[in-house]
Amino acid sequence: METNRKDYALYIEDLHTGFYNRVEDKVSSVLNGITFGAERGKILGVVGESGSGKSVTMLSVMGLLGPNGRVTGRIMLDGENLLDYSDKQMREIRGGKIAMIFQDPMTTLNPVFTIGDQIREVVKLHRPDIEDANAYIIELLREVGINDGERRLKQYPHELSGGRRQRIVIAMALAGNPDILIADEPTTALDVTVQAQILELIKKLSETHNMTTIMITHDLGIVANICDNVVILYGGRICEMGTTREVFKESAHEYTKGLIRAVPGAVPGRKLIPIEGVPANRSAFTNECAFCPRCEKAMEICAGEFPPETVFSETHKAWCWMNHLPESKEAEHDG
Ligand SMILES: Nc1ncnc2c1ncn2[C@@H]1O[C@H](COP(=O)(O)OP(=O)(O)O)[C@@H](O)[C@H]1O
Ligand SMILES: [Mg+2]
């Protein structure tokens with residue numbers, strides 16, 4: 001394994017994920033070799049448009065792709081590859097070492113059980129050392145901003161607002177005392193005012209619980225506000241990664257630059273500028289830069305060959321042919 005100077009809580013290496021289609025009897029690939037780490041104790045943003053493979057990346061980590069999922073590569077946690085784990089071992093990891101929050105809290109909550117029953121189940125499974133589960137849960141609920149925990153424990157999910165449901169799901173994620181929290185667009189389904197509160201809450205809890213957090217989002221504004229590092233996905237590949245500062249201030253991929261121009265408020269008063277063109281269709285993947293059909297600066301080579309990596313710093317890398325323009329060419333023009 002590649003040795004890294006940084007301390008990563010989770011390190012994903014050369015991840016290829018696809019889905020087997022029985023009708024066509026073939027595997028269509030979604031992720032084409034993704035490598036990145038989540039630095040311990042930090043918040044990592046994983047950004048990309050809808051369909052870029054964000055959820056598939058995290059479902060690969062959690063072992064939740066379903067029977068048609070096909071994964072290769074390495075997903076390293078505490079020196080072990082999760083892809084070597086049995087179903088039983090993965091059940092212990094999920095909700096234990098790694099907790100996940102989904103966009104819609106109802107994906108996690110079961111409508112026919114009370115909130116109390118559902119969180120107690122997590123405690124029983126992952127924290128058998130806790131003696132007074134109710135007291136523990138009420139304290140967790142208080143931490144996520146629900147002060148009348150005792151009453152809420154007896155309620156059913158549908159009796160609560162969307163924002164409160166997501167707070168419950170966050171408490172449930174905390175219940176197993178995870179090292180890593182993966183939040184998959186946790187605020188997309190919520191009202192704008194509630195969104196900011198939930199993000200602030202996740203940021204605060206990451207610190208107080210000393211968790212490594214992976215925040216999946218299609219919103220660079222969220223990244224600017226709460227993330228330390230960021231990975232930008234496009235068409236099943238990483239196009240750029242770095243610290244949030246590096247990626248915002250020294251963007252080195254045309255797609256990243258376009259995304260940043262599209263962030264409302266990145267420049268005060270500027271309206272949202274959508275990126276032209278249709279997002280990459282994964283069935284169209286060849287060995288090209290997937291962004292090339294939408295890129296204003298695309299050159300012939302972009303359609304023919306995937307760009308090599310450019311390393312700007314220990315943290316900042318990009319994959320864009322614009323960083324490989326031969327300087328000699330410019331010199332030729334000058335001379
Ligand atoms: N179970 C599945 N079977 C086949 N294709 C899938 C499955 N799940 C996701 N995909 C495909 O993988 C691609 C990436 O999806 P996803 O990771 O959900 O995107 P997003 O970045 O919006 O989270 C999409 O084209 C989607 O259709
Ligand atoms: Mg998704």
# chains A, B, ... in the order shown; residues from 1 in each chain; ligands from 1

call {"tool": "residues_near_ligand", "arguments": {"ligand": "ligand 2", "cutoff": "9 Å", "atoms": "only C-alpha atoms and all ligand atoms", "output": "list in words"}}
result
Glu49, Ser50, Gly51, Ser52, Gly53, Lys54, Ser55, Val56, Phe102, Gln103, Asp184, Glu185, Ile216, Thr217 and His218 of chain A

call {"tool": "write_last_selection", "arguments": {"atoms": "N, CA, C and O atoms", "output": "mmCIF file, in the first residue's frame"}}
result
data_model
loop_
_atom_site.group_PDB
_atom_site.id
_atom_site.type_symbol
_atom_site.label_atom_id
_atom_site.label_comp_id
_atom_site.auth_asym_id
_atom_site.auth_seq_id
_atom_site.Cartn_x
_atom_site.Cartn_y
_atom_site.Cartn_z
ATOM 1 N N GLU A 49 -22.078 16.648 -9.481
ATOM 2 C CA GLU A 49 -23.470 16.754 -9.903
ATOM 3 C C GLU A 49 -24.203 15.448 -9.651
ATOM 4 O O GLU A 49 -23.586 14.401 -9.449
ATOM 5 N N SER A 50 -25.496 15.530 -9.755
ATOM 6 C CA SER A 50 -26.323 14.345 -9.632
ATOM 7 C C SER A 50 -25.874 13.293 -10.656
ATOM 8 O O SER A 50 -25.645 13.622 -11.822
ATOM 9 N N GLY A 51 -25.694 12.072 -10.221
ATOM 10 C CA GLY A 51 -25.290 11.009 -11.131
ATOM 11 C C GLY A 51 -23.785 10.837 -11.261
ATOM 12 O O GLY A 51 -23.314 9.957 -11.988
ATOM 13 N N SER A 52 -22.992 11.658 -10.549
ATOM 14 C CA SER A 52 -21.538 11.568 -10.708
ATOM 15 C C SER A 52 -20.929 10.397 -9.940
ATOM 16 O O SER A 52 -19.759 10.092 -10.115
ATOM 17 N N GLY A 53 -21.714 9.761 -9.067
ATOM 18 C CA GLY A 53 -21.209 8.582 -8.369
ATOM 19 C C GLY A 53 -20.916 8.814 -6.894
ATOM 20 O O GLY A 53 -20.251 7.992 -6.250
ATOM 21 N N LYS A 54 -21.419 9.892 -6.342
ATOM 22 C CA LYS A 54 -21.161 10.207 -4.926
ATOM 23 C C LYS A 54 -21.754 9.136 -4.013
ATOM 24 O O LYS A 54 -21.076 8.579 -3.149
ATOM 25 N N SER A 55 -23.048 8.857 -4.210
ATOM 26 C CA SER A 55 -23.694 7.864 -3.345
ATOM 27 C C SER A 55 -23.108 6.481 -3.562
ATOM 28 O O SER A 55 -22.897 5.730 -2.609
ATOM 29 N N VAL A 56 -22.820 6.158 -4.812
ATOM 30 C CA VAL A 56 -22.257 4.836 -5.101
ATOM 31 C C VAL A 56 -20.897 4.674 -4.399
ATOM 32 O O VAL A 56 -20.584 3.604 -3.883
ATOM 33 N N PHE A 102 -28.578 9.631 5.548
ATOM 34 C CA PHE A 102 -29.029 9.786 4.168
ATOM 35 C C PHE A 102 -29.840 11.068 4.001
ATOM 36 O O PHE A 102 -30.259 11.703 4.968
ATOM 37 N N GLN A 103 -30.052 11.406 2.738
ATOM 38 C CA GLN A 103 -30.796 12.615 2.378
ATOM 39 C C GLN A 103 -32.171 12.643 3.033
ATOM 40 O O GLN A 103 -32.588 13.635 3.611
ATOM 41 N N ASP A 184 -24.818 11.826 3.439
ATOM 42 C CA ASP A 184 -25.105 11.887 2.005
ATOM 43 C C ASP A 184 -26.206 12.911 1.737
ATOM 44 O O ASP A 184 -27.381 12.620 1.906
ATOM 45 N N GLU A 185 -25.810 14.103 1.350
ATOM 46 C CA GLU A 185 -26.737 15.209 1.096
ATOM 47 C C GLU A 185 -27.773 15.319 2.214
ATOM 48 O O GLU A 185 -28.973 15.285 1.958
ATOM 49 N N ILE A 216 -21.277 14.535 1.692
ATOM 50 C CA ILE A 216 -21.546 14.439 0.267
ATOM 51 C C ILE A 216 -22.541 15.519 -0.112
ATOM 52 O O ILE A 216 -23.558 15.685 0.560
ATOM 53 N N THR A 217 -22.222 16.238 -1.163
ATOM 54 C CA THR A 217 -23.107 17.339 -1.519
ATOM 55 C C THR A 217 -22.936 17.711 -2.987
ATOM 56 O O THR A 217 -21.918 17.405 -3.609
ATOM 57 N N HIS A 218 -23.962 18.342 -3.562
ATOM 58 C CA HIS A 218 -23.760 18.904 -4.899
ATOM 59 C C HIS A 218 -23.603 20.420 -4.774
ATOM 60 O O HIS A 218 -23.604 21.129 -5.760
#

call {"tool": "select_by_dssp", "arguments": {"residues": "range 44-237 of chain A", "states": "helix (DSSP H, G or I)", "output": "ChimeraX atom specification"}}
result
/A:54-62,82-84,87-93,105-108,115-126,133-143,149-153,157-159,162-175,192-208,220-226

call {"tool": "residues_around", "arguments": {"residues": "Thr108 in chain A", "least_positions_apart": "5", "cutoff": "12 Å", "atoms": "only C-alpha atoms", "output": "list in words"}}
result
Gly95, Ala99, Met100, Ile101, Phe102, Gln103, Phe113, Ile115, Gln118, Ile119, Val122, Pro157, Arg165, Gln166, Arg167, Ile168, Val169, Ile170, Ala171, Met172, Ala173 and Pro186 of chain A

call {"tool": "closest_residue", "arguments": {"among": "A:Thr212, A:Thr256, A:Ser161, A:Ser60", "to": "ligand 1", "atoms": "only C-alpha atoms and all ligand atoms"}}
result
A:Ser60

call {"tool": "atom_distance", "arguments": {"atom1": "CA of Pro105 in chain A", "atom2": "CA of Gly162 in chain A"}}
result
7.5 Å

call {"tool": "residues_around", "arguments": {"residues": "range 232-248 of chain A", "least_positions_apart": "4", "cutoff": "6 Å", "atoms": "only C-alpha atoms", "output": "list in words"}}
result
Val30, Leu31, Asn32, Ile34, Val47, Gly48, Ser52, Gly53, Asp228, Ala280, Ala290, Thr315, His316, Lys317, Ala318 and Trp319 of chain A

call {"tool": "decode", "arguments": {"residues": "range 45-83 of chain A", "atoms": "N, CA and C atoms", "output": "PDB file, in the first residue's frame"}}
result
ATOM      1  N   GLY A  45     -15.428  17.167   2.028  1.00  0.00           N
ATOM      2  CA  GLY A  45     -16.585  17.311   1.145  1.00  0.00           C
ATOM      3  C   GLY A  45     -16.374  16.474  -0.105  1.00  0.00           C
ATOM      4  N   VAL A  46     -17.369  15.697  -0.495  1.00  0.00           N
ATOM      5  CA  VAL A  46     -17.322  14.993  -1.775  1.00  0.00           C
ATOM      6  C   VAL A  46     -18.400  15.621  -2.646  1.00  0.00           C
ATOM      7  N   VAL A  47     -17.934  16.286  -3.704  1.00  0.00           N
ATOM      8  CA  VAL A  47     -18.824  17.130  -4.493  1.00  0.00           C
ATOM      9  C   VAL A  47     -18.966  16.593  -5.904  1.00  0.00           C
ATOM     10  N   GLY A  48     -20.134  16.740  -6.459  1.00  0.00           N
ATOM     11  CA  GLY A  48     -20.339  16.382  -7.857  1.00  0.00           C
ATOM     12  C   GLY A  48     -21.805  16.525  -8.188  1.00  0.00           C
ATOM     13  N   GLU A  49     -22.078  16.648  -9.481  1.00  0.00           N
ATOM     14  CA  GLU A  49     -23.470  16.754  -9.903  1.00  0.00           C
ATOM     15  C   GLU A  49     -24.203  15.448  -9.651  1.00  0.00           C
ATOM     16  N   SER A  50     -25.496  15.530  -9.755  1.00  0.00           N
ATOM     17  CA  SER A  50     -26.323  14.345  -9.632  1.00  0.00           C
ATOM     18  C   SER A  50     -25.874  13.293 -10.656  1.00  0.00           C
ATOM     19  N   GLY A  51     -25.694  12.072 -10.221  1.00  0.00           N
ATOM     20  CA  GLY A  51     -25.290  11.009 -11.131  1.00  0.00           C
ATOM     21  C   GLY A  51     -23.785  10.837 -11.261  1.00  0.00           C
ATOM     22  N   SER A  52     -22.992  11.658 -10.549  1.00  0.00           N
ATOM     23  CA  SER A  52     -21.538  11.568 -10.708  1.00  0.00           C
ATOM     24  C   SER A  52     -20.929  10.397  -9.940  1.00  0.00           C
ATOM     25  N   GLY A  53     -21.714   9.761  -9.067  1.00  0.00           N
ATOM     26  CA  GLY A  53     -21.209   8.582  -8.369  1.00  0.00           C
ATOM     27  C   GLY A  53     -20.916   8.814  -6.894  1.00  0.00           C
ATOM     28  N   LYS A  54     -21.419   9.892  -6.342  1.00  0.00           N
ATOM     29  CA  LYS A  54     -21.161  10.207  -4.926  1.00  0.00           C
ATOM     30  C   LYS A  54     -21.754   9.136  -4.013  1.00  0.00           C
ATOM     31  N   SER A  55     -23.048   8.857  -4.210  1.00  0.00           N
ATOM     32  CA  SER A  55     -23.694   7.864  -3.345  1.00  0.00           C
ATOM     33  C   SER A  55     -23.108   6.481  -3.562  1.00  0.00           C
ATOM     34  N   VAL A  56     -22.820   6.158  -4.812  1.00  0.00           N
ATOM     35  CA  VAL A  56     -22.257   4.836  -5.101  1.00  0.00           C
ATOM     36  C   VAL A  56     -20.897   4.674  -4.399  1.00  0.00           C
ATOM     37  N   THR A  57     -20.114   5.732  -4.335  1.00  0.00           N
ATOM     38  CA  THR A  57     -18.828   5.671  -3.624  1.00  0.00           C
ATOM     39  C   THR A  57     -19.065   5.274  -2.161  1.00  0.00           C
ATOM     40  N   MET A  58     -20.023   5.971  -1.528  1.00  0.00           N
ATOM     41  CA  MET A  58     -20.249   5.720  -0.107  1.00  0.00           C
ATOM     42  C   MET A  58     -20.958   4.386   0.150  1.00  0.00           C
ATOM     43  N   LEU A  59     -21.832   4.002  -0.759  1.00  0.00           N
ATOM     44  CA  LEU A  59     -22.477   2.692  -0.597  1.00  0.00           C
ATOM     45  C   LEU A  59     -21.445   1.582  -0.785  1.00  0.00           C
ATOM     46  N   SER A  60     -20.429   1.833  -1.617  1.00  0.00           N
ATOM     47  CA  SER A  60     -19.337   0.856  -1.779  1.00  0.00           C
ATOM     48  C   SER A  60     -18.601   0.698  -0.447  1.00  0.00           C
ATOM     49  N   VAL A  61     -18.362   1.830   0.220  1.00  0.00           N
ATOM     50  CA  VAL A  61     -17.666   1.802   1.511  1.00  0.00           C
ATOM     51  C   VAL A  61     -18.489   1.022   2.537  1.00  0.00           C
ATOM     52  N   MET A  62     -19.786   1.250   2.537  1.00  0.00           N
ATOM     53  CA  MET A  62     -20.655   0.654   3.552  1.00  0.00           C
ATOM     54  C   MET A  62     -21.050  -0.785   3.223  1.00  0.00           C
ATOM     55  N   GLY A  63     -20.703  -1.238   2.034  1.00  0.00           N
ATOM     56  CA  GLY A  63     -21.109  -2.585   1.626  1.00  0.00           C
ATOM     57  C   GLY A  63     -22.606  -2.677   1.407  1.00  0.00           C
ATOM     58  N   LEU A  64     -23.178  -1.616   0.841  1.00  0.00           N
ATOM     59  CA  LEU A  64     -24.630  -1.560   0.677  1.00  0.00           C
ATOM     60  C   LEU A  64     -25.049  -1.444  -0.787  1.00  0.00           C
ATOM     61  N   LEU A  65     -24.240  -1.977  -1.696  1.00  0.00           N
ATOM     62  CA  LEU A  65     -24.562  -1.811  -3.116  1.00  0.00           C
ATOM     63  C   LEU A  65     -25.663  -2.742  -3.587  1.00  0.00           C
ATOM     64  N   GLY A  66     -25.941  -3.763  -2.824  1.00  0.00           N
ATOM     65  CA  GLY A  66     -26.938  -4.738  -3.263  1.00  0.00           C
ATOM     66  C   GLY A  66     -26.293  -5.825  -4.092  1.00  0.00           C
ATOM     67  N   PRO A  67     -27.086  -6.837  -4.445  1.00  0.00           N
ATOM     68  CA  PRO A  67     -26.518  -8.037  -5.081  1.00  0.00           C
ATOM     69  C   PRO A  67     -25.881  -7.791  -6.448  1.00  0.00           C
ATOM     70  N   ASN A  68     -26.276  -6.735  -7.164  1.00  0.00           N
ATOM     71  CA  ASN A  68     -25.695  -6.490  -8.489  1.00  0.00           C
ATOM     72  C   ASN A  68     -24.425  -5.657  -8.455  1.00  0.00           C
ATOM     73  N   GLY A  69     -24.096  -5.145  -7.296  1.00  0.00           N
ATOM     74  CA  GLY A  69     -22.912  -4.293  -7.180  1.00  0.00           C
ATOM     75  C   GLY A  69     -21.636  -5.095  -7.386  1.00  0.00           C
ATOM     76  N   ARG A  70     -20.678  -4.521  -8.120  1.00  0.00           N
ATOM     77  CA  ARG A  70     -19.372  -5.155  -8.349  1.00  0.00           C
ATOM     78  C   ARG A  70     -18.292  -4.152  -7.989  1.00  0.00           C
ATOM     79  N   VAL A  71     -17.471  -4.485  -6.998  1.00  0.00           N
ATOM     80  CA  VAL A  71     -16.449  -3.540  -6.516  1.00  0.00           C
ATOM     81  C   VAL A  71     -15.068  -4.152  -6.554  1.00  0.00           C
ATOM     82  N   THR A  72     -14.086  -3.374  -6.996  1.00  0.00           N
ATOM     83  CA  THR A  72     -12.688  -3.767  -6.808  1.00  0.00           C
ATOM     84  C   THR A  72     -11.922  -2.561  -6.291  1.00  0.00           C
ATOM     85  N   GLY A  73     -10.753  -2.810  -5.751  1.00  0.00           N
ATOM     86  CA  GLY A  73      -9.939  -1.746  -5.171  1.00  0.00           C
ATOM     87  C   GLY A  73      -9.736  -2.033  -3.709  1.00  0.00           C
ATOM     88  N   ARG A  74      -9.440  -0.992  -2.947  1.00  0.00           N
ATOM     89  CA  ARG A  74      -9.252  -1.161  -1.510  1.00  0.00           C
ATOM     90  C   ARG A  74      -9.972  -0.058  -0.771  1.00  0.00           C
ATOM     91  N   ILE A  75     -10.596  -0.420   0.339  1.00  0.00           N
ATOM     92  CA  ILE A  75     -11.227   0.561   1.214  1.00  0.00           C
ATOM     93  C   ILE A  75     -10.630   0.321   2.593  1.00  0.00           C
ATOM     94  N   MET A  76      -9.595   1.111   2.905  1.00  0.00           N
ATOM     95  CA  MET A  76      -8.782   0.820   4.088  1.00  0.00           C
ATOM     96  C   MET A  76      -9.285   1.549   5.335  1.00  0.00           C
ATOM     97  N   LEU A  77      -9.562   0.747   6.366  1.00  0.00           N
ATOM     98  CA  LEU A  77      -9.972   1.273   7.667  1.00  0.00           C
ATOM     99  C   LEU A  77      -9.129   0.556   8.712  1.00  0.00           C
ATOM    100  N   ASP A  78      -8.410   1.300   9.516  1.00  0.00           N
ATOM    101  CA  ASP A  78      -7.547   0.719  10.547  1.00  0.00           C
ATOM    102  C   ASP A  78      -6.653  -0.389   9.981  1.00  0.00           C
ATOM    103  N   GLY A  79      -6.093  -0.144   8.816  1.00  0.00           N
ATOM    104  CA  GLY A  79      -5.150  -1.099   8.246  1.00  0.00           C
ATOM    105  C   GLY A  79      -5.783  -2.321   7.591  1.00  0.00           C
ATOM    106  N   GLU A  80      -7.109  -2.359   7.543  1.00  0.00           N
ATOM    107  CA  GLU A  80      -7.757  -3.514   6.897  1.00  0.00           C
ATOM    108  C   GLU A  80      -8.622  -3.061   5.741  1.00  0.00           C
ATOM    109  N   ASN A  81      -8.741  -3.958   4.751  1.00  0.00           N
ATOM    110  CA  ASN A  81      -9.534  -3.654   3.574  1.00  0.00           C
ATOM    111  C   ASN A  81     -10.979  -4.116   3.797  1.00  0.00           C
ATOM    112  N   LEU A  82     -11.895  -3.169   3.843  1.00  0.00           N
ATOM    113  CA  LEU A  82     -13.298  -3.528   4.100  1.00  0.00           C
ATOM    114  C   LEU A  82     -13.869  -4.449   3.024  1.00  0.00           C
ATOM    115  N   LEU A  83     -13.242  -4.426   1.840  1.00  0.00           N
ATOM    116  CA  LEU A  83     -13.754  -5.295   0.775  1.00  0.00           C
ATOM    117  C   LEU A  83     -13.472  -6.768   1.077  1.00  0.00           C
TER     118      LEU A  83
END
